[in-house]
$ cat input.txt   # compact mmCIF, N, CA and C atoms
# COMPACT_ATOMS: atom_id res chain seq x y z
N MET A 1 -2.11 -1.49 -0.48
CA MET A 1 -3.49 -0.99 -0.56
C MET A 1 -4.29 -1.70 -1.66
N GLU A 2 -3.66 -2.57 -2.42
CA GLU A 2 -4.37 -3.15 -3.58
C GLU A 2 -5.62 -3.91 -3.16
N SER A 3 -5.60 -4.47 -1.98
CA SER A 3 -6.74 -5.30 -1.58
C SER A 3 -7.72 -4.56 -0.67
N HIS A 4 -7.60 -3.25 -0.62
CA HIS A 4 -8.53 -2.52 0.24
C HIS A 4 -9.96 -2.52 -0.27
N HIS A 5 -10.11 -2.48 -1.58
CA HIS A 5 -11.46 -2.48 -2.13
C HIS A 5 -11.48 -3.13 -3.51
N LEU A 6 -12.68 -3.46 -3.95
CA LEU A 6 -12.89 -3.96 -5.30
C LEU A 6 -13.58 -2.86 -6.10
N GLU A 7 -13.08 -2.61 -7.28
CA GLU A 7 -13.65 -1.52 -8.06
C GLU A 7 -13.81 -1.95 -9.51
N LYS A 8 -14.95 -1.62 -10.09
CA LYS A 8 -15.13 -1.89 -11.51
C LYS A 8 -15.97 -0.82 -12.17
N GLU A 9 -15.55 -0.43 -13.36
CA GLU A 9 -16.30 0.58 -14.11
C GLU A 9 -17.00 -0.08 -15.29
N PHE A 10 -18.28 0.27 -15.44
CA PHE A 10 -19.10 -0.26 -16.52
C PHE A 10 -19.46 0.90 -17.46
N ALA A 11 -19.37 0.65 -18.76
CA ALA A 11 -19.67 1.71 -19.75
C ALA A 11 -21.06 1.51 -20.35
N PHE A 12 -21.71 2.62 -20.64
CA PHE A 12 -23.06 2.61 -21.21
C PHE A 12 -23.16 3.65 -22.32
N PRO A 13 -24.17 3.48 -23.20
CA PRO A 13 -24.27 4.42 -24.33
C PRO A 13 -24.85 5.78 -23.96
N ASP A 14 -25.45 5.90 -22.77
CA ASP A 14 -26.05 7.17 -22.38
C ASP A 14 -26.29 7.20 -20.87
N PHE A 15 -26.92 8.26 -20.41
CA PHE A 15 -27.18 8.39 -18.98
C PHE A 15 -28.28 7.45 -18.51
N LYS A 16 -29.31 7.34 -19.33
CA LYS A 16 -30.50 6.56 -18.93
C LYS A 16 -30.16 5.10 -18.65
N THR A 17 -29.35 4.51 -19.52
CA THR A 17 -29.00 3.10 -19.32
C THR A 17 -28.05 2.95 -18.12
N ALA A 18 -27.23 3.95 -17.88
CA ALA A 18 -26.35 3.92 -16.70
C ALA A 18 -27.19 4.02 -15.43
N LEU A 19 -28.21 4.85 -15.46
CA LEU A 19 -29.10 4.97 -14.30
C LEU A 19 -29.88 3.67 -14.07
N ALA A 20 -30.33 3.05 -15.15
CA ALA A 20 -31.05 1.78 -15.01
C ALA A 20 -30.15 0.72 -14.37
N PHE A 21 -28.89 0.68 -14.78
CA PHE A 21 -27.94 -0.28 -14.20
C PHE A 21 -27.71 0.04 -12.72
N THR A 22 -27.62 1.32 -12.40
CA THR A 22 -27.47 1.75 -11.00
C THR A 22 -28.62 1.19 -10.15
N ASN A 23 -29.82 1.23 -10.71
CA ASN A 23 -30.96 0.69 -9.97
C ASN A 23 -30.88 -0.83 -9.80
N ARG A 24 -30.33 -1.51 -10.79
CA ARG A 24 -30.16 -2.96 -10.64
C ARG A 24 -29.10 -3.27 -9.59
N VAL A 25 -28.02 -2.50 -9.59
CA VAL A 25 -27.00 -2.68 -8.55
C VAL A 25 -27.60 -2.37 -7.17
N GLY A 26 -28.44 -1.34 -7.12
CA GLY A 26 -29.09 -0.98 -5.86
C GLY A 26 -30.00 -2.08 -5.34
N ALA A 27 -30.77 -2.69 -6.23
CA ALA A 27 -31.65 -3.78 -5.82
C ALA A 27 -30.83 -4.97 -5.33
N LEU A 28 -29.73 -5.26 -6.03
CA LEU A 28 -28.83 -6.33 -5.59
C LEU A 28 -28.24 -6.02 -4.21
N ALA A 29 -27.81 -4.79 -4.02
CA ALA A 29 -27.22 -4.38 -2.74
C ALA A 29 -28.22 -4.58 -1.60
N GLU A 30 -29.46 -4.19 -1.85
CA GLU A 30 -30.48 -4.36 -0.82
C GLU A 30 -30.72 -5.83 -0.53
N SER A 31 -30.76 -6.66 -1.57
CA SER A 31 -31.03 -8.08 -1.33
C SER A 31 -29.85 -8.77 -0.65
N GLU A 32 -28.64 -8.27 -0.90
CA GLU A 32 -27.45 -8.85 -0.25
C GLU A 32 -27.24 -8.26 1.15
N GLY A 33 -27.89 -7.13 1.41
CA GLY A 33 -27.62 -6.44 2.68
C GLY A 33 -26.19 -5.90 2.75
N HIS A 34 -25.64 -5.55 1.57
CA HIS A 34 -24.25 -5.09 1.50
C HIS A 34 -24.21 -4.07 0.37
N HIS A 35 -23.70 -2.87 0.67
CA HIS A 35 -23.90 -1.74 -0.25
C HIS A 35 -22.58 -1.17 -0.74
N PRO A 36 -22.41 -1.16 -2.04
CA PRO A 36 -21.20 -0.54 -2.60
C PRO A 36 -21.37 0.97 -2.70
N ASP A 37 -20.29 1.67 -2.93
CA ASP A 37 -20.38 3.04 -3.42
C ASP A 37 -20.62 2.94 -4.93
N ILE A 38 -21.52 3.76 -5.43
CA ILE A 38 -21.85 3.72 -6.85
C ILE A 38 -21.69 5.13 -7.42
N LEU A 39 -20.76 5.28 -8.32
CA LEU A 39 -20.59 6.57 -8.99
C LEU A 39 -21.29 6.49 -10.34
N LEU A 40 -22.32 7.28 -10.49
CA LEU A 40 -23.10 7.32 -11.73
C LEU A 40 -22.77 8.60 -12.47
N ALA A 41 -22.38 8.47 -13.71
CA ALA A 41 -22.13 9.64 -14.55
C ALA A 41 -22.67 9.33 -15.94
N TRP A 42 -22.66 10.31 -16.81
CA TRP A 42 -23.16 10.08 -18.17
C TRP A 42 -22.32 8.95 -18.80
N GLY A 43 -23.02 7.83 -19.12
CA GLY A 43 -22.34 6.75 -19.84
C GLY A 43 -21.47 5.84 -18.99
N LYS A 44 -21.49 6.02 -17.67
CA LYS A 44 -20.69 5.09 -16.87
C LYS A 44 -21.23 4.92 -15.45
N VAL A 45 -20.91 3.75 -14.92
CA VAL A 45 -21.19 3.44 -13.51
C VAL A 45 -19.94 2.79 -12.95
N ARG A 46 -19.41 3.36 -11.88
CA ARG A 46 -18.25 2.73 -11.23
C ARG A 46 -18.68 2.28 -9.84
N ILE A 47 -18.51 0.99 -9.57
CA ILE A 47 -18.88 0.51 -8.24
C ILE A 47 -17.61 0.16 -7.46
N THR A 48 -17.65 0.51 -6.19
CA THR A 48 -16.52 0.30 -5.29
C THR A 48 -17.06 -0.43 -4.06
N ILE A 49 -16.44 -1.57 -3.80
CA ILE A 49 -16.96 -2.48 -2.78
C ILE A 49 -15.89 -2.75 -1.72
N TRP A 50 -16.24 -2.58 -0.47
CA TRP A 50 -15.39 -3.01 0.62
C TRP A 50 -16.22 -3.15 1.88
N THR A 51 -15.63 -3.68 2.91
CA THR A 51 -16.35 -3.85 4.18
C THR A 51 -15.89 -2.78 5.15
N HIS A 52 -16.80 -1.86 5.44
CA HIS A 52 -16.47 -0.70 6.27
C HIS A 52 -15.98 -1.12 7.65
N LYS A 53 -16.62 -2.16 8.19
CA LYS A 53 -16.32 -2.56 9.57
C LYS A 53 -14.84 -2.90 9.77
N ILE A 54 -14.27 -3.55 8.76
CA ILE A 54 -12.84 -3.89 8.89
C ILE A 54 -11.96 -3.01 8.00
N ASP A 55 -12.60 -2.08 7.26
CA ASP A 55 -11.88 -1.24 6.31
C ASP A 55 -11.02 -2.09 5.37
N GLY A 56 -11.63 -3.17 4.89
CA GLY A 56 -10.91 -4.07 3.99
C GLY A 56 -11.92 -5.00 3.33
N LEU A 57 -11.43 -6.14 2.86
CA LEU A 57 -12.28 -7.05 2.10
C LEU A 57 -12.66 -8.31 2.87
N THR A 58 -13.93 -8.71 2.69
CA THR A 58 -14.41 -9.97 3.27
C THR A 58 -15.10 -10.76 2.16
N GLU A 59 -15.55 -11.96 2.48
CA GLU A 59 -16.22 -12.80 1.49
C GLU A 59 -17.43 -12.10 0.88
N SER A 60 -18.17 -11.34 1.71
CA SER A 60 -19.37 -10.63 1.21
C SER A 60 -19.03 -9.71 0.05
N ASP A 61 -17.84 -9.13 0.09
CA ASP A 61 -17.43 -8.21 -0.98
C ASP A 61 -17.28 -8.95 -2.31
N PHE A 62 -16.65 -10.12 -2.24
CA PHE A 62 -16.42 -10.88 -3.47
C PHE A 62 -17.74 -11.42 -4.03
N ILE A 63 -18.64 -11.81 -3.13
CA ILE A 63 -19.96 -12.29 -3.57
C ILE A 63 -20.72 -11.15 -4.26
N LEU A 64 -20.73 -9.99 -3.63
CA LEU A 64 -21.43 -8.84 -4.23
C LEU A 64 -20.82 -8.48 -5.59
N ALA A 65 -19.50 -8.47 -5.66
CA ALA A 65 -18.82 -8.13 -6.92
C ALA A 65 -19.17 -9.13 -8.02
N ALA A 66 -19.18 -10.41 -7.68
CA ALA A 66 -19.49 -11.45 -8.67
C ALA A 66 -20.93 -11.30 -9.16
N LYS A 67 -21.84 -11.04 -8.24
CA LYS A 67 -23.25 -10.89 -8.64
C LYS A 67 -23.45 -9.61 -9.46
N ALA A 68 -22.73 -8.56 -9.14
CA ALA A 68 -22.84 -7.31 -9.91
C ALA A 68 -22.38 -7.53 -11.35
N GLU A 69 -21.33 -8.32 -11.50
CA GLU A 69 -20.82 -8.66 -12.84
C GLU A 69 -21.87 -9.37 -13.68
N GLN A 70 -22.73 -10.13 -13.00
CA GLN A 70 -23.72 -10.94 -13.73
C GLN A 70 -25.01 -10.19 -14.03
N LEU A 71 -25.15 -8.99 -13.52
CA LEU A 71 -26.36 -8.22 -13.80
C LEU A 71 -26.44 -7.88 -15.28
N PRO A 72 -27.65 -7.83 -15.83
CA PRO A 72 -27.77 -7.35 -17.22
C PRO A 72 -27.31 -5.90 -17.31
N ARG A 73 -26.63 -5.58 -18.41
CA ARG A 73 -26.11 -4.21 -18.60
C ARG A 73 -27.18 -3.35 -19.28
N MET B 1 -9.04 26.77 -8.05
CA MET B 1 -9.88 25.63 -8.44
C MET B 1 -11.25 25.69 -7.78
N GLU B 2 -11.52 26.68 -6.93
CA GLU B 2 -12.78 26.68 -6.18
C GLU B 2 -14.00 26.72 -7.09
N SER B 3 -13.84 27.33 -8.25
CA SER B 3 -15.00 27.48 -9.12
C SER B 3 -15.05 26.43 -10.23
N HIS B 4 -14.25 25.39 -10.11
CA HIS B 4 -14.26 24.37 -11.15
C HIS B 4 -15.55 23.56 -11.19
N HIS B 5 -16.11 23.30 -10.02
CA HIS B 5 -17.35 22.53 -9.99
C HIS B 5 -18.20 22.92 -8.79
N LEU B 6 -19.45 22.50 -8.85
CA LEU B 6 -20.37 22.68 -7.72
C LEU B 6 -20.59 21.30 -7.12
N GLU B 7 -20.50 21.22 -5.81
CA GLU B 7 -20.64 19.90 -5.18
C GLU B 7 -21.50 20.03 -3.94
N LYS B 8 -22.42 19.09 -3.78
CA LYS B 8 -23.20 19.08 -2.55
C LYS B 8 -23.51 17.65 -2.13
N GLU B 9 -23.41 17.41 -0.83
CA GLU B 9 -23.72 16.09 -0.31
C GLU B 9 -25.04 16.14 0.47
N PHE B 10 -25.90 15.18 0.19
CA PHE B 10 -27.20 15.06 0.84
C PHE B 10 -27.19 13.80 1.71
N ALA B 11 -27.72 13.90 2.92
CA ALA B 11 -27.74 12.75 3.84
C ALA B 11 -29.13 12.11 3.87
N PHE B 12 -29.14 10.81 4.03
CA PHE B 12 -30.40 10.04 4.07
C PHE B 12 -30.31 8.99 5.17
N PRO B 13 -31.49 8.51 5.60
CA PRO B 13 -31.48 7.55 6.71
C PRO B 13 -31.08 6.13 6.30
N ASP B 14 -31.05 5.85 5.01
CA ASP B 14 -30.70 4.49 4.57
C ASP B 14 -30.33 4.50 3.09
N PHE B 15 -30.09 3.33 2.54
CA PHE B 15 -29.71 3.25 1.13
C PHE B 15 -30.88 3.51 0.20
N LYS B 16 -32.03 2.95 0.59
CA LYS B 16 -33.21 3.03 -0.29
C LYS B 16 -33.61 4.47 -0.58
N THR B 17 -33.64 5.30 0.45
CA THR B 17 -34.03 6.69 0.24
C THR B 17 -32.96 7.46 -0.55
N ALA B 18 -31.71 7.08 -0.37
CA ALA B 18 -30.63 7.69 -1.16
C ALA B 18 -30.76 7.30 -2.63
N LEU B 19 -31.12 6.05 -2.89
CA LEU B 19 -31.32 5.59 -4.27
C LEU B 19 -32.52 6.31 -4.90
N ALA B 20 -33.58 6.49 -4.12
CA ALA B 20 -34.77 7.19 -4.64
C ALA B 20 -34.41 8.63 -5.02
N PHE B 21 -33.60 9.27 -4.18
CA PHE B 21 -33.17 10.64 -4.50
C PHE B 21 -32.29 10.65 -5.76
N THR B 22 -31.44 9.66 -5.88
CA THR B 22 -30.60 9.53 -7.09
C THR B 22 -31.47 9.49 -8.34
N ASN B 23 -32.57 8.76 -8.25
CA ASN B 23 -33.48 8.69 -9.40
C ASN B 23 -34.15 10.04 -9.69
N ARG B 24 -34.44 10.79 -8.64
CA ARG B 24 -35.02 12.12 -8.88
C ARG B 24 -33.99 13.05 -9.51
N VAL B 25 -32.76 12.97 -9.04
CA VAL B 25 -31.69 13.77 -9.66
C VAL B 25 -31.51 13.33 -11.12
N GLY B 26 -31.58 12.03 -11.36
CA GLY B 26 -31.44 11.50 -12.72
C GLY B 26 -32.53 12.01 -13.64
N ALA B 27 -33.77 12.05 -13.16
CA ALA B 27 -34.89 12.54 -13.97
C ALA B 27 -34.70 14.03 -14.26
N LEU B 28 -34.25 14.77 -13.26
CA LEU B 28 -33.97 16.20 -13.45
C LEU B 28 -32.87 16.39 -14.49
N ALA B 29 -31.82 15.61 -14.38
CA ALA B 29 -30.69 15.71 -15.32
C ALA B 29 -31.15 15.47 -16.75
N GLU B 30 -32.00 14.46 -16.92
CA GLU B 30 -32.50 14.17 -18.27
C GLU B 30 -33.36 15.32 -18.78
N SER B 31 -34.19 15.88 -17.90
CA SER B 31 -35.07 16.96 -18.38
C SER B 31 -34.29 18.24 -18.66
N GLU B 32 -33.18 18.44 -17.94
CA GLU B 32 -32.32 19.61 -18.18
C GLU B 32 -31.34 19.38 -19.32
N GLY B 33 -31.15 18.11 -19.69
CA GLY B 33 -30.13 17.81 -20.69
C GLY B 33 -28.73 18.12 -20.19
N HIS B 34 -28.54 18.00 -18.87
CA HIS B 34 -27.25 18.33 -18.25
C HIS B 34 -27.09 17.37 -17.07
N HIS B 35 -25.95 16.67 -17.04
CA HIS B 35 -25.84 15.52 -16.14
C HIS B 35 -24.70 15.68 -15.15
N PRO B 36 -25.03 15.63 -13.87
CA PRO B 36 -23.98 15.68 -12.85
C PRO B 36 -23.35 14.30 -12.67
N ASP B 37 -22.23 14.27 -11.99
CA ASP B 37 -21.75 13.02 -11.43
C ASP B 37 -22.52 12.81 -10.13
N ILE B 38 -22.96 11.59 -9.89
CA ILE B 38 -23.74 11.28 -8.69
C ILE B 38 -23.07 10.13 -7.96
N LEU B 39 -22.60 10.39 -6.77
CA LEU B 39 -22.03 9.32 -5.95
C LEU B 39 -23.09 8.89 -4.95
N LEU B 40 -23.52 7.64 -5.11
CA LEU B 40 -24.54 7.07 -4.24
C LEU B 40 -23.88 6.08 -3.29
N ALA B 41 -24.10 6.26 -2.00
CA ALA B 41 -23.59 5.31 -1.02
C ALA B 41 -24.66 5.15 0.05
N TRP B 42 -24.46 4.22 0.95
CA TRP B 42 -25.45 4.01 2.01
C TRP B 42 -25.63 5.33 2.76
N GLY B 43 -26.87 5.88 2.71
CA GLY B 43 -27.16 7.08 3.50
C GLY B 43 -26.67 8.40 2.93
N LYS B 44 -26.12 8.38 1.72
CA LYS B 44 -25.72 9.66 1.16
C LYS B 44 -25.71 9.69 -0.36
N VAL B 45 -25.89 10.89 -0.88
CA VAL B 45 -25.76 11.15 -2.31
C VAL B 45 -24.94 12.42 -2.45
N ARG B 46 -23.87 12.34 -3.21
CA ARG B 46 -23.07 13.54 -3.46
C ARG B 46 -23.14 13.87 -4.95
N ILE B 47 -23.59 15.05 -5.26
CA ILE B 47 -23.64 15.42 -6.67
C ILE B 47 -22.57 16.45 -6.99
N THR B 48 -21.96 16.28 -8.15
CA THR B 48 -20.89 17.16 -8.60
C THR B 48 -21.25 17.63 -10.00
N ILE B 49 -21.29 18.92 -10.16
CA ILE B 49 -21.80 19.53 -11.39
C ILE B 49 -20.74 20.43 -12.01
N TRP B 50 -20.48 20.23 -13.27
CA TRP B 50 -19.65 21.17 -14.02
C TRP B 50 -19.91 20.97 -15.51
N THR B 51 -19.38 21.83 -16.31
CA THR B 51 -19.56 21.75 -17.76
C THR B 51 -18.29 21.19 -18.38
N HIS B 52 -18.39 19.96 -18.87
CA HIS B 52 -17.22 19.26 -19.39
C HIS B 52 -16.58 20.02 -20.55
N LYS B 53 -17.42 20.61 -21.38
CA LYS B 53 -16.90 21.24 -22.60
C LYS B 53 -15.86 22.32 -22.30
N ILE B 54 -16.12 23.09 -21.23
CA ILE B 54 -15.16 24.14 -20.88
C ILE B 54 -14.35 23.79 -19.64
N ASP B 55 -14.62 22.59 -19.09
CA ASP B 55 -13.96 22.15 -17.86
C ASP B 55 -14.10 23.23 -16.76
N GLY B 56 -15.30 23.75 -16.64
CA GLY B 56 -15.56 24.79 -15.64
C GLY B 56 -17.06 24.96 -15.49
N LEU B 57 -17.46 26.13 -15.03
CA LEU B 57 -18.87 26.36 -14.72
C LEU B 57 -19.55 27.30 -15.72
N THR B 58 -20.79 26.96 -16.05
CA THR B 58 -21.63 27.82 -16.89
C THR B 58 -22.97 28.00 -16.18
N GLU B 59 -23.83 28.81 -16.79
CA GLU B 59 -25.14 29.07 -16.20
C GLU B 59 -25.92 27.77 -15.99
N SER B 60 -25.81 26.83 -16.94
CA SER B 60 -26.52 25.55 -16.82
C SER B 60 -26.19 24.83 -15.53
N ASP B 61 -24.97 24.98 -15.07
CA ASP B 61 -24.55 24.30 -13.84
C ASP B 61 -25.29 24.86 -12.63
N PHE B 62 -25.41 26.17 -12.58
CA PHE B 62 -26.08 26.81 -11.45
C PHE B 62 -27.57 26.51 -11.46
N ILE B 63 -28.15 26.45 -12.66
CA ILE B 63 -29.57 26.11 -12.77
C ILE B 63 -29.81 24.69 -12.28
N LEU B 64 -28.97 23.77 -12.75
CA LEU B 64 -29.12 22.37 -12.32
C LEU B 64 -28.94 22.25 -10.81
N ALA B 65 -27.95 22.93 -10.27
CA ALA B 65 -27.70 22.87 -8.82
C ALA B 65 -28.89 23.41 -8.03
N ALA B 66 -29.46 24.51 -8.49
CA ALA B 66 -30.60 25.11 -7.80
C ALA B 66 -31.80 24.18 -7.84
N LYS B 67 -32.03 23.57 -9.00
CA LYS B 67 -33.18 22.66 -9.12
C LYS B 67 -32.95 21.39 -8.29
N ALA B 68 -31.73 20.91 -8.21
CA ALA B 68 -31.44 19.72 -7.40
C ALA B 68 -31.71 20.00 -5.92
N GLU B 69 -31.37 21.21 -5.49
CA GLU B 69 -31.64 21.63 -4.11
C GLU B 69 -33.12 21.56 -3.78
N GLN B 70 -33.94 21.83 -4.80
CA GLN B 70 -35.39 21.91 -4.55
C GLN B 70 -36.09 20.57 -4.67
N LEU B 71 -35.39 19.54 -5.07
CA LEU B 71 -36.02 18.22 -5.16
C LEU B 71 -36.43 17.73 -3.78
N PRO B 72 -37.53 17.00 -3.69
CA PRO B 72 -37.86 16.38 -2.40
C PRO B 72 -36.76 15.40 -1.98
N ARG B 73 -36.48 15.38 -0.69
CA ARG B 73 -35.43 14.49 -0.17
C ARG B 73 -36.01 13.13 0.20
$ encode --input "input.txt" --output "structure tokens"
Amino acid sequence: MESHHLEKEFAFPDFKTALAFTNRVGALAESEGHHPDILLAWGKVRITIWTHKIDGLTESDFILAAKAEQLPR
Amino acid sequence: MESHHLEKEFAFPDFKTALAFTNRVGALAESEGHHPDILLAWGKVRITIWTHKIDGLTESDFILAAKAEQLPR
């Protein structure tokens, strides 16, 4: 199951900055046409990426993950 | 464990409207000074509310849940 999805958690100093990052991930998702699950909580954002159609990973997942890593925190 | 947290899932027609609702929940959370976990995915938002300090439910949780219900979708 290790390759079923890509997951990364980002830490923030408060809720507001975590929400702002969520919006940047959201804008990226819309521009890529590929949408992760985004768990937003106080001080953290965890994104989980996979391709629903195949219930696994495709190139789009790795591209989205790489671009998410490059977003300003 | 039934009373450990309050959870509700809201459905949306796409990602954009789900993200917009997430921002409304976020603004409410900031104004209440009480922050739920928010899972944002394509077409849905699931909010989970509890009081971390007691690892259970307090009045603040029910107030936040009621106000979240009343937000425009």
$ interface_residues --input "input.txt" --of "chain A" --to "chain B" --cutoff "8 Å" --atoms "all atoms listed in the file" --output "NGL selection string"
:A and (15-16 or 19 or 22-23 or 26 or 30 or 35-42)
$ atom_distance --input "input.txt" --atom1 "CA of Pro13 in chain B" --atom2 "CA of Gln70 in chain B"
18.7 Å
$ select_by_dssp --input "input.txt" --residues "chain A" --states "alpha helix (DSSP H)" --output "ChimeraX atom specification"
/A:15-32,59-70
$ atom_distance --input "input.txt" --atom1 "atom C of Trp50 in chain B" --atom2 "atom C of Ile63 in chain B"
11.1 Å
$ select_by_dssp --input "input.txt" --residues "chain B" --states "strand (DSSP E)" --output "JSON, numbers by chain"
{"B": [6, 7, 8, 9, 10, 11, 37, 38, 39, 40, 41, 44, 45, 46, 47, 48, 49]}
$ write_last_selection --input "input.txt" --atoms "N, CA and C atoms" --output "PDB file, in the coordinates of the input"
ATOM      1  N   LEU B   6     -19.450  22.500  -8.850  1.00  0.00           N
ATOM      2  CA  LEU B   6     -20.370  22.680  -7.720  1.00  0.00           C
ATOM      3  C   LEU B   6     -20.590  21.300  -7.120  1.00  0.00           C
ATOM      4  N   GLU B   7     -20.500  21.220  -5.810  1.00  0.00           N
ATOM      5  CA  GLU B   7     -20.640  19.900  -5.180  1.00  0.00           C
ATOM      6  C   GLU B   7     -21.500  20.030  -3.940  1.00  0.00           C
ATOM      7  N   LYS B   8     -22.420  19.090  -3.780  1.00  0.00           N
ATOM      8  CA  LYS B   8     -23.200  19.080  -2.550  1.00  0.00           C
ATOM      9  C   LYS B   8     -23.510  17.650  -2.130  1.00  0.00           C
ATOM     10  N   GLU B   9     -23.410  17.410  -0.830  1.00  0.00           N
ATOM     11  CA  GLU B   9     -23.720  16.090  -0.310  1.00  0.00           C
ATOM     12  C   GLU B   9     -25.040  16.140   0.470  1.00  0.00           C
ATOM     13  N   PHE B  10     -25.900  15.180   0.190  1.00  0.00           N
ATOM     14  CA  PHE B  10     -27.200  15.060   0.840  1.00  0.00           C
ATOM     15  C   PHE B  10     -27.190  13.800   1.710  1.00  0.00           C
ATOM     16  N   ALA B  11     -27.720  13.900   2.920  1.00  0.00           N
ATOM     17  CA  ALA B  11     -27.740  12.750   3.840  1.00  0.00           C
ATOM     18  C   ALA B  11     -29.130  12.110   3.870  1.00  0.00           C
ATOM     19  N   ASP B  37     -22.230  14.270 -11.990  1.00  0.00           N
ATOM     20  CA  ASP B  37     -21.750  13.020 -11.430  1.00  0.00           C
ATOM     21  C   ASP B  37     -22.520  12.810 -10.130  1.00  0.00           C
ATOM     22  N   ILE B  38     -22.960  11.590  -9.890  1.00  0.00           N
ATOM     23  CA  ILE B  38     -23.740  11.280  -8.690  1.00  0.00           C
ATOM     24  C   ILE B  38     -23.070  10.130  -7.960  1.00  0.00           C
ATOM     25  N   LEU B  39     -22.600  10.390  -6.770  1.00  0.00           N
ATOM     26  CA  LEU B  39     -22.030   9.320  -5.950  1.00  0.00           C
ATOM     27  C   LEU B  39     -23.090   8.890  -4.950  1.00  0.00           C
ATOM     28  N   LEU B  40     -23.520   7.640  -5.110  1.00  0.00           N
ATOM     29  CA  LEU B  40     -24.540   7.070  -4.240  1.00  0.00           C
ATOM     30  C   LEU B  40     -23.880   6.080  -3.290  1.00  0.00           C
ATOM     31  N   ALA B  41     -24.100   6.260  -2.000  1.00  0.00           N
ATOM     32  CA  ALA B  41     -23.590   5.310  -1.020  1.00  0.00           C
ATOM     33  C   ALA B  41     -24.660   5.150   0.050  1.00  0.00           C
ATOM     34  N   LYS B  44     -26.120   8.380   1.720  1.00  0.00           N
ATOM     35  CA  LYS B  44     -25.720   9.660   1.160  1.00  0.00           C
ATOM     36  C   LYS B  44     -25.710   9.690  -0.360  1.00  0.00           C
ATOM     37  N   VAL B  45     -25.890  10.890  -0.880  1.00  0.00           N
ATOM     38  CA  VAL B  45     -25.760  11.150  -2.310  1.00  0.00           C
ATOM     39  C   VAL B  45     -24.940  12.420  -2.450  1.00  0.00           C
ATOM     40  N   ARG B  46     -23.870  12.340  -3.210  1.00  0.00           N
ATOM     41  CA  ARG B  46     -23.070  13.540  -3.460  1.00  0.00           C
ATOM     42  C   ARG B  46     -23.140  13.870  -4.950  1.00  0.00           C
ATOM     43  N   ILE B  47     -23.590  15.050  -5.260  1.00  0.00           N
ATOM     44  CA  ILE B  47     -23.640  15.420  -6.670  1.00  0.00           C
ATOM     45  C   ILE B  47     -22.570  16.450  -6.990  1.00  0.00           C
ATOM     46  N   THR B  48     -21.960  16.280  -8.150  1.00  0.00           N
ATOM     47  CA  THR B  48     -20.890  17.160  -8.600  1.00  0.00           C
ATOM     48  C   THR B  48     -21.250  17.630 -10.000  1.00  0.00           C
ATOM     49  N   ILE B  49     -21.290  18.920 -10.160  1.00  0.00           N
ATOM     50  CA  ILE B  49     -21.800  19.530 -11.390  1.00  0.00           C
ATOM     51  C   ILE B  49     -20.740  20.430 -12.010  1.00  0.00           C
TER      52      ILE B  49
END
$ atom_distance --input "input.txt" --atom1 "atom C of Phe21 in chain B" --atom2 "atom N of Glu9 in chain B"
12.2 Å
$ axis_aligned_box --input "input.txt" --around "range 2-16 of chain B" --padding-each-side "6 Å" --output "JSON"
{"center_x": -22.6, "center_y": 15.2, "center_z": -2.2, "size_x": 34.1, "size_y": 36.5, "size_z": 29.9}
$ decode --input "input.txt" --residues "range 54-65 of chain A" --atoms "N, CA and C atoms" --output "compact mmCIF listing (two decimals), in the first residue's frame"
# COMPACT_ATOMS: atom_id res chain seq x y z
N ILE A 54 -7.70 5.39 -11.01
CA ILE A 54 -7.01 4.10 -10.92
C ILE A 54 -6.78 3.67 -9.47
N ASP A 55 -7.24 4.51 -8.52
CA ASP A 55 -7.01 4.25 -7.10
C ASP A 55 -5.53 3.99 -6.82
N GLY A 56 -4.70 4.82 -7.44
CA GLY A 56 -3.25 4.67 -7.27
C GLY A 56 -2.57 5.94 -7.77
N LEU A 57 -1.29 5.81 -8.12
CA LEU A 57 -0.51 6.98 -8.49
C LEU A 57 -0.21 7.05 -9.99
N THR A 58 -0.29 8.28 -10.51
CA THR A 58 0.09 8.53 -11.91
C THR A 58 1.06 9.71 -11.93
N GLU A 59 1.56 10.05 -13.11
CA GLU A 59 2.50 11.15 -13.23
C GLU A 59 1.91 12.46 -12.69
N SER A 60 0.61 12.67 -12.92
CA SER A 60 -0.05 13.91 -12.44
C SER A 60 0.11 14.08 -10.94
N ASP A 61 0.12 12.97 -10.22
CA ASP A 61 0.25 13.04 -8.76
C ASP A 61 1.62 13.57 -8.36
N PHE A 62 2.64 13.07 -9.03
CA PHE A 62 4.00 13.49 -8.69
C PHE A 62 4.24 14.96 -9.08
N ILE A 63 3.64 15.36 -10.20
CA ILE A 63 3.76 16.77 -10.62
C ILE A 63 3.07 17.68 -9.60
N LEU A 64 1.87 17.31 -9.20
CA LEU A 64 1.15 18.12 -8.20
C LEU A 64 1.92 18.18 -6.89
N ALA A 65 2.44 17.06 -6.46
CA ALA A 65 3.20 17.01 -5.20
C ALA A 65 4.44 17.90 -5.27
